[in-house]
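K.L.:
What follows is protein.csv; its format and atoms are CSV, C-alpha atoms and all ligand atoms.
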chain,number,residue,atom,x,y,z
A,410,MET,CA,-24.5,-6.5,-6.7
A,411,HIS,CA,-20.6,-6.6,-6.9
A,412,LYS,CA,-19.2,-4.8,-3.9
A,413,THR,CA,-15.9,-3.0,-4.6
A,414,HIS,CA,-13.4,-3.3,-1.8
A,415,ASP,CA,-12.6,-0.3,0.4
A,416,LYS,CA,-9.3,1.2,-0.5
A,417,LEU,CA,-6.6,1.7,2.1
A,418,LYS,CA,-7.0,5.3,3.4
A,419,LEU,CA,-3.8,7.2,4.0
A,420,GLY,CA,-3.3,10.3,6.1
A,421,VAL,CA,-0.1,12.0,4.9
A,422,LEU,CA,2.0,14.4,7.1
A,423,VAL,CA,4.2,16.9,5.4
A,424,SER,CA,6.4,19.9,6.3
A,425,GLY,CA,7.7,21.1,3.0
A,426,SER,CA,7.7,20.5,-0.8
A,427,GLY,CA,5.7,17.3,-0.7
A,428,SER,CA,7.3,15.7,-3.7
A,429,ASN,CA,6.9,12.3,-2.0
A,430,LEU,CA,3.2,13.1,-1.4
A,431,GLN,CA,3.0,13.9,-5.1
A,432,ALA,CA,4.5,10.5,-6.0
A,433,ILE,CA,2.0,8.8,-3.7
A,434,LEU,CA,-0.9,10.8,-5.3
A,435,ASP,CA,0.3,9.9,-8.8
A,436,ALA,CA,0.6,6.2,-7.9
A,437,CYS,CA,-2.9,6.3,-6.5
A,438,ALA,CA,-4.1,8.0,-9.7
A,439,THR,CA,-2.5,5.5,-12.1
A,440,GLY,CA,-3.5,2.5,-10.0
A,441,THR,CA,0.0,1.2,-9.2
A,442,LEU,CA,-1.0,2.0,-5.6
A,443,ASP,CA,-4.3,0.6,-4.5
A,444,ALA,CA,-5.0,3.3,-1.9
A,445,GLN,CA,-6.3,6.8,-1.5
A,446,VAL,CA,-5.0,9.8,0.3
A,447,SER,CA,-7.8,10.9,2.6
A,448,VAL,CA,-6.2,13.9,4.3
A,449,VAL,CA,-2.9,15.8,4.2
A,450,ILE,CA,-1.7,17.7,7.4
A,451,ALA,CA,1.3,20.0,7.6
A,452,ASN,CA,3.0,21.4,10.7
A,453,LYS,CA,3.7,24.5,8.6
A,454,PRO,CA,0.7,26.4,7.1
A,455,ASP,CA,2.8,27.5,4.1
A,456,ALA,CA,4.1,23.9,3.2
A,457,TYR,CA,3.8,23.5,-0.6
A,458,GLY,CA,2.6,19.9,0.0
A,459,LEU,CA,-0.7,21.4,1.1
A,460,GLU,CA,-1.1,23.1,-2.3
A,461,ARG,CA,-0.4,19.7,-4.0
A,462,ALA,CA,-3.1,18.1,-1.9
A,463,ARG,CA,-5.7,20.9,-2.6
A,464,ALA,CA,-4.9,20.6,-6.4
A,465,ALA,CA,-5.8,16.9,-6.1
A,466,GLY,CA,-9.0,17.8,-4.3
A,467,ILE,CA,-7.8,16.3,-1.0
A,468,PRO,CA,-8.7,18.0,2.4
A,469,ALA,CA,-5.5,19.7,3.6
A,470,TYR,CA,-4.8,21.4,6.9
A,471,GLY,CA,-1.9,23.5,8.0
A,472,LEU,CA,-1.5,23.5,11.8
A,473,THR,CA,0.8,25.8,13.7
A,474,PRO,CA,2.6,24.1,16.6
A,475,GLN,CA,3.0,27.4,18.4
A,476,ASN,CA,-0.7,27.7,18.7
A,477,TYR,CA,-0.8,24.6,21.0
A,478,ALA,CA,0.3,24.2,24.6
A,479,ASP,CA,2.7,21.3,23.9
A,480,ALA,CA,3.5,18.4,21.5
A,481,VAL,CA,0.6,16.3,22.9
A,482,ALA,CA,-1.9,19.0,22.4
A,483,PHE,CA,-0.6,19.5,18.8
A,484,ASP,CA,-0.8,15.8,18.1
A,485,THR,CA,-4.3,15.7,19.5
A,486,ALA,CA,-5.3,18.2,16.8
A,487,VAL,CA,-3.5,16.1,14.2
A,488,MET,CA,-5.2,12.9,15.5
A,489,TYR,CA,-8.6,14.6,15.3
A,490,GLU,CA,-8.2,15.1,11.6
A,491,LEU,CA,-6.7,11.6,11.0
A,492,LEU,CA,-9.7,10.0,12.8
A,493,ARG,CA,-12.2,12.3,11.2
A,494,HIS,CA,-11.0,11.2,7.8
A,495,GLN,CA,-11.0,7.5,8.9
A,496,VAL,CA,-7.3,7.0,8.1
A,497,ASP,CA,-5.9,3.5,8.2
A,498,TYR,CA,-2.2,4.4,7.9
A,499,VAL,CA,-0.3,7.6,8.8
A,500,VAL,CA,2.4,8.4,6.2
A,501,MET,CA,5.1,10.9,7.1
A,502,ALA,CA,6.5,12.3,3.9
A,503,GLY,CA,9.1,14.9,4.7
A,504,TYR,CA,7.4,15.5,8.1
A,505,MET,CA,10.2,17.2,10.1
A,506,ARG,CA,8.6,16.6,13.5
A,507,LYS,CA,8.6,13.8,16.0
A,508,VAL,CA,5.2,12.2,16.5
A,509,THR,CA,4.2,11.6,20.1
A,510,SER,CA,2.8,8.4,21.6
A,511,HIS,CA,-0.6,10.0,21.2
A,512,ILE,CA,-0.5,9.2,17.4
A,513,LEU,CA,1.8,6.1,17.7
A,514,ASP,CA,-0.6,4.4,20.2
A,515,GLY,CA,-3.6,5.4,18.1
A,516,PHE,CA,-2.0,3.8,15.0
A,517,PRO,CA,0.2,0.9,16.3
A,518,ASN,CA,2.7,-0.2,13.6
A,519,ARG,CA,0.7,2.0,11.3
A,520,VAL,CA,2.8,5.1,11.2
A,521,LEU,CA,5.4,5.2,8.4
A,522,ASN,CA,8.4,7.4,7.7
A,523,ILE,CA,10.8,7.9,4.8
A,524,HIS,CA,14.3,9.1,5.4
A,525,PRO,CA,17.2,9.9,2.9
A,526,SER,CA,19.8,7.6,4.3
A,527,MET,CA,20.5,3.9,5.1
A,528,LEU,CA,19.2,4.1,8.7
A,529,PRO,CA,20.5,3.9,11.4
A,530,ALA,CA,23.2,6.0,9.5
A,531,PHE,CA,22.6,9.7,9.3
A,532,PRO,CA,19.3,10.2,11.1
A,533,GLY,CA,17.9,13.7,11.6
A,534,ALA,CA,16.8,16.6,9.4
A,535,HIS,CA,20.0,16.7,7.3
A,536,GLY,CA,20.6,13.1,6.3
A,537,LEU,CA,22.0,14.0,2.8
A,538,ARG,CA,24.2,16.9,4.0
A,539,ASP,CA,25.6,14.7,6.8
A,540,ALA,CA,26.4,11.8,4.5
A,541,LEU,CA,28.3,14.2,2.1
A,542,ALA,CA,30.2,15.7,5.0
A,543,ALA,CA,31.2,12.3,6.3
A,544,GLY,CA,32.7,11.5,2.9
A,545,VAL,CA,30.9,8.1,2.5
A,546,THR,CA,30.5,6.7,-1.0
A,547,THR,CA,27.1,5.2,-0.5
A,548,THR,CA,23.9,6.5,1.1
A,549,GLY,CA,20.3,5.6,0.3
A,550,VAL,CA,16.7,5.7,1.3
A,551,THR,CA,14.9,4.0,4.2
A,552,VAL,CA,11.1,3.4,4.7
A,553,HIS,CA,10.3,2.4,8.2
A,554,PHE,CA,7.7,2.2,10.9
A,555,ALA,CA,8.0,5.1,13.2
A,556,ASN,CA,8.6,5.0,17.0
A,557,GLU,CA,9.0,7.8,19.5
A,558,VAL,CA,12.6,8.5,18.4
A,559,PHE,CA,12.9,10.6,15.2
A,560,ASP,CA,14.0,8.4,12.2
A,561,GLU,CA,14.0,5.2,14.2
A,562,GLY,CA,11.7,2.1,14.2
A,563,PRO,CA,11.4,-1.2,12.3
A,564,ILE,CA,12.8,-0.9,8.8
A,565,ILE,CA,10.5,-2.1,6.0
A,566,MET,CA,12.7,-1.5,2.9
A,567,GLN,CA,16.0,0.3,2.0
A,568,GLU,CA,17.6,1.1,-1.3
A,569,ALA,CA,21.2,2.2,-1.6
A,570,VAL,CA,22.3,5.3,-3.7
A,571,ALA,CA,25.9,5.7,-4.7
A,572,ILE,CA,27.5,9.1,-3.9
A,573,ARG,CA,29.7,10.3,-6.8
A,574,PRO,CA,32.9,12.2,-6.2
A,575,ASP,CA,31.6,15.3,-7.9
A,576,ASP,CA,28.1,15.2,-6.2
A,577,THR,CA,26.7,18.4,-4.7
A,578,LEU,CA,23.8,18.4,-2.2
A,579,GLU,CA,21.5,19.3,-5.1
A,580,SER,CA,22.7,16.5,-7.5
A,581,LEU,CA,22.6,13.9,-4.7
A,582,ALA,CA,19.2,15.1,-3.5
A,583,GLU,CA,17.9,14.7,-7.1
A,584,ARG,CA,18.9,11.0,-7.3
A,585,VAL,CA,17.8,10.2,-3.8
A,586,HIS,CA,14.4,11.8,-4.4
A,587,ALA,CA,14.0,9.8,-7.6
A,588,VAL,CA,14.5,6.6,-5.5
A,589,GLU,CA,12.2,7.8,-2.8
A,590,HIS,CA,9.4,8.5,-5.3
A,591,VAL,CA,9.5,4.8,-6.4
A,592,LEU,CA,10.2,3.2,-3.0
A,593,TYR,CA,7.5,4.8,-0.9
A,594,PRO,CA,4.6,3.9,-3.3
A,595,LYS,CA,6.1,0.4,-3.6
A,596,VAL,CA,6.1,-0.1,0.2
A,597,LEU,CA,2.6,1.3,0.5
A,598,GLN,CA,1.3,-1.1,-2.1
A,599,LEU,CA,2.8,-4.0,-0.1
A,600,ILE,CA,0.8,-2.7,2.8
A,601,ALA,CA,-2.3,-2.3,0.7
A,602,GLN,CA,-1.9,-5.9,-0.3
A,603,GLY,CA,-1.7,-6.9,3.4
A,604,ARG,CA,1.8,-8.3,3.0
A,605,VAL,CA,3.6,-6.3,5.7
A,606,SER,CA,3.6,-7.3,9.3
A,607,VAL,CA,5.7,-6.6,12.4
A,608,GLU,CA,6.8,-9.3,14.8
A,609,ASP,CA,9.1,-8.5,17.8
A,610,SER,CA,10.1,-5.2,16.1
A,611,THR,CA,11.1,-7.1,12.9
A,612,VAL,CA,9.2,-6.4,9.7
A,613,ILE,CA,8.0,-9.5,7.7
A,614,ILE,CA,7.1,-9.1,4.1
A,615,SER,CA,5.0,-12.1,2.8
A,616,PRO,CA,5.2,-13.2,-0.8
A,617,PRO,CA,2.2,-12.3,-3.1
A,618,LEU,CA,-0.8,-14.6,-2.7
A,619,SER,CA,-0.4,-16.0,-6.2
A,620,SER,CA,3.1,-17.4,-5.4
A,621,ARG,CA,2.2,-19.0,-2.1
A,622,ALA,CA,2.1,-22.8,-2.0
A,623,PRO,CA,-1.5,-24.0,-1.9
A,624,THR,CA,-2.6,-25.1,1.6
A,625,ARG,CA,-3.7,-28.7,1.8
A,626,ASP,CA,-7.4,-29.1,2.3
A,627,LEU,CA,-7.6,-31.6,5.2
A,628,THR,CA,-11.4,-32.1,4.8
A,629,ARG,CA,-10.7,-33.9,1.5
A,630,GLN,CA,-9.0,-37.3,1.0
B,701,LIG,C1,12.7,13.6,1.7
B,701,LIG,O1,13.9,13.5,1.1
B,701,LIG,C2,12.5,12.8,3.0
B,701,LIG,O2,13.3,11.6,2.9
B,701,LIG,C3,13.1,13.7,4.0
B,701,LIG,O3,12.6,15.0,3.7
B,701,LIG,C4,12.5,15.0,2.2
B,701,LIG,C5,11.1,15.6,1.9
B,701,LIG,O4,11.0,15.9,0.6
B,701,LIG,N1,12.8,13.3,5.3
B,701,LIG,C6,13.6,13.4,6.4
B,701,LIG,O5,14.7,13.9,6.3
B,701,LIG,C7,13.0,12.8,7.7
B,701,LIG,N2,14.0,12.8,8.7
B,701,LIG,P1,9.5,16.1,0.0
B,701,LIG,O6,8.8,17.2,0.9
B,701,LIG,O7,9.8,16.7,-1.4
B,701,LIG,O8,8.8,14.9,-0.1
Mind turning this structure into structure tokens?
Ligand code: GAR
P.N.:
Amino acid sequence: MHKTHDKLKLGVLVSGSGSNLQAILDACATGTLDAQVSVVIANKPDAYGLERARAAGIPAYGLTPQNYADAVAFDTAVMYELLRHQVDYVVMAGYMRKVTSHILDGFPNRVLNIHPSMLPAFPGAHGLRDALAAGVTTTGVTVHFANEVFDEGPIIMQEAVAIRPDDTLESLAERVHAVEHVLYPKVLQLIAQGRVSVEDSTVIISPPLSSRAPTRDLTRQ
């Protein structure tokens, strides 16, 4: 009997609206992303992203950091759900909290983050507001592997977004979100295809299998 391959299992961490989660769910549903969201966890029980997950029939948990002794205890609870749902990759999608080594060591080079700037520029919780305040004419979106510093770690892909002279926070956020909603599923699909690796903190993206030169079969003359 033909065995269908196991899909990449994603555990998505959110803190708010979860529009990036929605883009990932939609890409999984249409098949442009060969993966499945196995669990969604929020550090805010009222995060709208949890509603989006439940609407898609995905287990969703809102955990309250104040109920835990410290960040490691909180991440132990997050880790419990990630492992229980057999997650392959952890996907931070608007997760406004630093993950500790507890999660990073459990998923080495398997924790991703998206940030609304061309990192290392404008890290933090207000990347768009800070770019506007600085008066720069270009910002963008970064998808990267996470490390223990918030919004830091090996960069996988970036896309620039021009800032218009009449931009408000809302108009800029709209265009940046539109880029994010394409870029995150695109990077995740590269990961699903096994084309993303990290060597010495540098990300390597291999070409698709179909475009690789055939390897010579040395057993034949
Ligand atoms: C996104 O713009 C994401 O890049 C940003 O939060 C927003 C969440 O939107 N993340 C950070 O700023 C991380 N430092 P969403 O909840 O609608 O996906």
K.L.:
Could I get the residue neighbourhood of ligand LIG 701 (chain B) at 9 Å, counting all atoms listed in the file, as a PyMOL selection string?
P.N.:
chain A and resi 423-432+456-458+501-506+522-526+532-537+550-552+559-560+582+585-586+589-590
K.L.:
For C-alpha atoms, I'd like the residues from the last selection saved as a PDB file, in the frame of the given file.
P.N.:
ATOM      1  CA  VAL A 423       4.200  16.900   5.400  1.00  0.00           C
ATOM      2  CA  SER A 424       6.400  19.900   6.300  1.00  0.00           C
ATOM      3  CA  GLY A 425       7.700  21.100   3.000  1.00  0.00           C
ATOM      4  CA  SER A 426       7.700  20.500  -0.800  1.00  0.00           C
ATOM      5  CA  GLY A 427       5.700  17.300  -0.700  1.00  0.00           C
ATOM      6  CA  SER A 428       7.300  15.700  -3.700  1.00  0.00           C
ATOM      7  CA  ASN A 429       6.900  12.300  -2.000  1.00  0.00           C
ATOM      8  CA  LEU A 430       3.200  13.100  -1.400  1.00  0.00           C
ATOM      9  CA  GLN A 431       3.000  13.900  -5.100  1.00  0.00           C
ATOM     10  CA  ALA A 432       4.500  10.500  -6.000  1.00  0.00           C
ATOM     11  CA  ALA A 456       4.100  23.900   3.200  1.00  0.00           C
ATOM     12  CA  TYR A 457       3.800  23.500  -0.600  1.00  0.00           C
ATOM     13  CA  GLY A 458       2.600  19.900   0.000  1.00  0.00           C
ATOM     14  CA  MET A 501       5.100  10.900   7.100  1.00  0.00           C
ATOM     15  CA  ALA A 502       6.500  12.300   3.900  1.00  0.00           C
ATOM     16  CA  GLY A 503       9.100  14.900   4.700  1.00  0.00           C
ATOM     17  CA  TYR A 504       7.400  15.500   8.100  1.00  0.00           C
ATOM     18  CA  MET A 505      10.200  17.200  10.100  1.00  0.00           C
ATOM     19  CA  ARG A 506       8.600  16.600  13.500  1.00  0.00           C
ATOM     20  CA  ASN A 522       8.400   7.400   7.700  1.00  0.00           C
ATOM     21  CA  ILE A 523      10.800   7.900   4.800  1.00  0.00           C
ATOM     22  CA  HIS A 524      14.300   9.100   5.400  1.00  0.00           C
ATOM     23  CA  PRO A 525      17.200   9.900   2.900  1.00  0.00           C
ATOM     24  CA  SER A 526      19.800   7.600   4.300  1.00  0.00           C
ATOM     25  CA  PRO A 532      19.300  10.200  11.100  1.00  0.00           C
ATOM     26  CA  GLY A 533      17.900  13.700  11.600  1.00  0.00           C
ATOM     27  CA  ALA A 534      16.800  16.600   9.400  1.00  0.00           C
ATOM     28  CA  HIS A 535      20.000  16.700   7.300  1.00  0.00           C
ATOM     29  CA  GLY A 536      20.600  13.100   6.300  1.00  0.00           C
ATOM     30  CA  LEU A 537      22.000  14.000   2.800  1.00  0.00           C
ATOM     31  CA  VAL A 550      16.700   5.700   1.300  1.00  0.00           C
ATOM     32  CA  THR A 551      14.900   4.000   4.200  1.00  0.00           C
ATOM     33  CA  VAL A 552      11.100   3.400   4.700  1.00  0.00           C
ATOM     34  CA  PHE A 559      12.900  10.600  15.200  1.00  0.00           C
ATOM     35  CA  ASP A 560      14.000   8.400  12.200  1.00  0.00           C
ATOM     36  CA  ALA A 582      19.200  15.100  -3.500  1.00  0.00           C
ATOM     37  CA  VAL A 585      17.800  10.200  -3.800  1.00  0.00           C
ATOM     38  CA  HIS A 586      14.400  11.800  -4.400  1.00  0.00           C
ATOM     39  CA  GLU A 589      12.200   7.800  -2.800  1.00  0.00           C
ATOM     40  CA  HIS A 590       9.400   8.500  -5.300  1.00  0.00           C
TER      41      HIS A 590
END
K.L.:
Pick from A:Leu491, A:Ile565, A:Pro574, A:Leu581: nearest to Glu608 in chain A, with all atoms listed in the file counted?
P.N.:
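For Glu608 in chain A, the nearest of the candidates is A:Ile565.
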K.L.:
Suppose you want the space between CA of Val558 in chain A and CA of Leu422 in chain A; what is it in Å?
P.N.:
16.6 Å
K.L.:
What separation in Å, quoted to one decimal, exists between CA of Pro468 in chain A and CA of Ser447 in chain A?
P.N.:
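Here the two named atoms are 7.2 Å from each other.
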K.L.:
Rank A:Lys507, A:Lys595, A:Arg493, A:Lys418 by their smallest atom-to-atom distance to Gln567 in chain A, using only C-alpha atoms, and report the top residue only.
P.N.:
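With only C-alpha atoms as the atom set, the closest residue is A:Lys595.
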K.L.:
Find the residue from A:Leu541, A:Ser606, A:Arg519, A:Asn556 that sits nearest to Glu579 in chain A; use all atoms listed in the file when measuring.
P.N.:
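Going through A:Leu541, A:Ser606, A:Arg519, A:Asn556 one by one, the smallest distance to Glu579 in chain A is for A:Leu541.
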K.L.:
Take CA of Val591 in chain A and CA of Ala555 in chain A and report the distance between them in Å, one decimal.
P.N.:
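Separation between CA of Val591 in chain A and CA of Ala555 in chain A: 19.7 Å.
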K.L.:
With a distance cut-off of 10 Å and all atoms listed in the file, select the neighbouring residues of Val499 in chain A, excluding the residue or stretch itself and same-chain residues fewer than 5 positions from it, and output the selection as a list in words.
P.N.:
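So, after excluding close chain neighbours, the residues are Lys418, Leu419, Gly420, Val421, Leu422, Val446, Val448, Val449, Met488, Leu491, Ile512, Leu513, Phe516, Asn518, Arg519, Val520, Leu521, Asn522, Phe554 and Ala555 of chain A.
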K.L.:
Can you pull out every residue within 7 Å of range 440-445 of chain A, counting all atoms listed in the file, but drop anything in the same chain fewer than 6 positions away, and send it as a list in words?
P.N.:
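Here the qualifying residues turn out to be Lys416, Leu417, Lys418, Leu419, Pro594, Gln598 and Ala601 of chain A.
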K.L.:
Emit the selected residues as a compact mmCIF listing (two decimals), in the frame of the given file, including C-alpha atoms.
P.N.:
# COMPACT_ATOMS: atom_id res chain seq x y z
CA LYS A 416 -9.30 1.20 -0.50
CA LEU A 417 -6.60 1.70 2.10
CA LYS A 418 -7.00 5.30 3.40
CA LEU A 419 -3.80 7.20 4.00
CA PRO A 594 4.60 3.90 -3.30
CA GLN A 598 1.30 -1.10 -2.10
CA ALA A 601 -2.30 -2.30 0.70
K.L.:
Give me the residues within 9 Å of Ile572 in chain A as a list in words, counting all atoms listed in the file and dropping any in the same chain fewer than 6 places off.
P.N.:
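Counting all atoms listed in the file, the residues come to Ala540, Leu541, Gly544, Val545, Thr546, Thr547, Thr548 and Leu581 of chain A.
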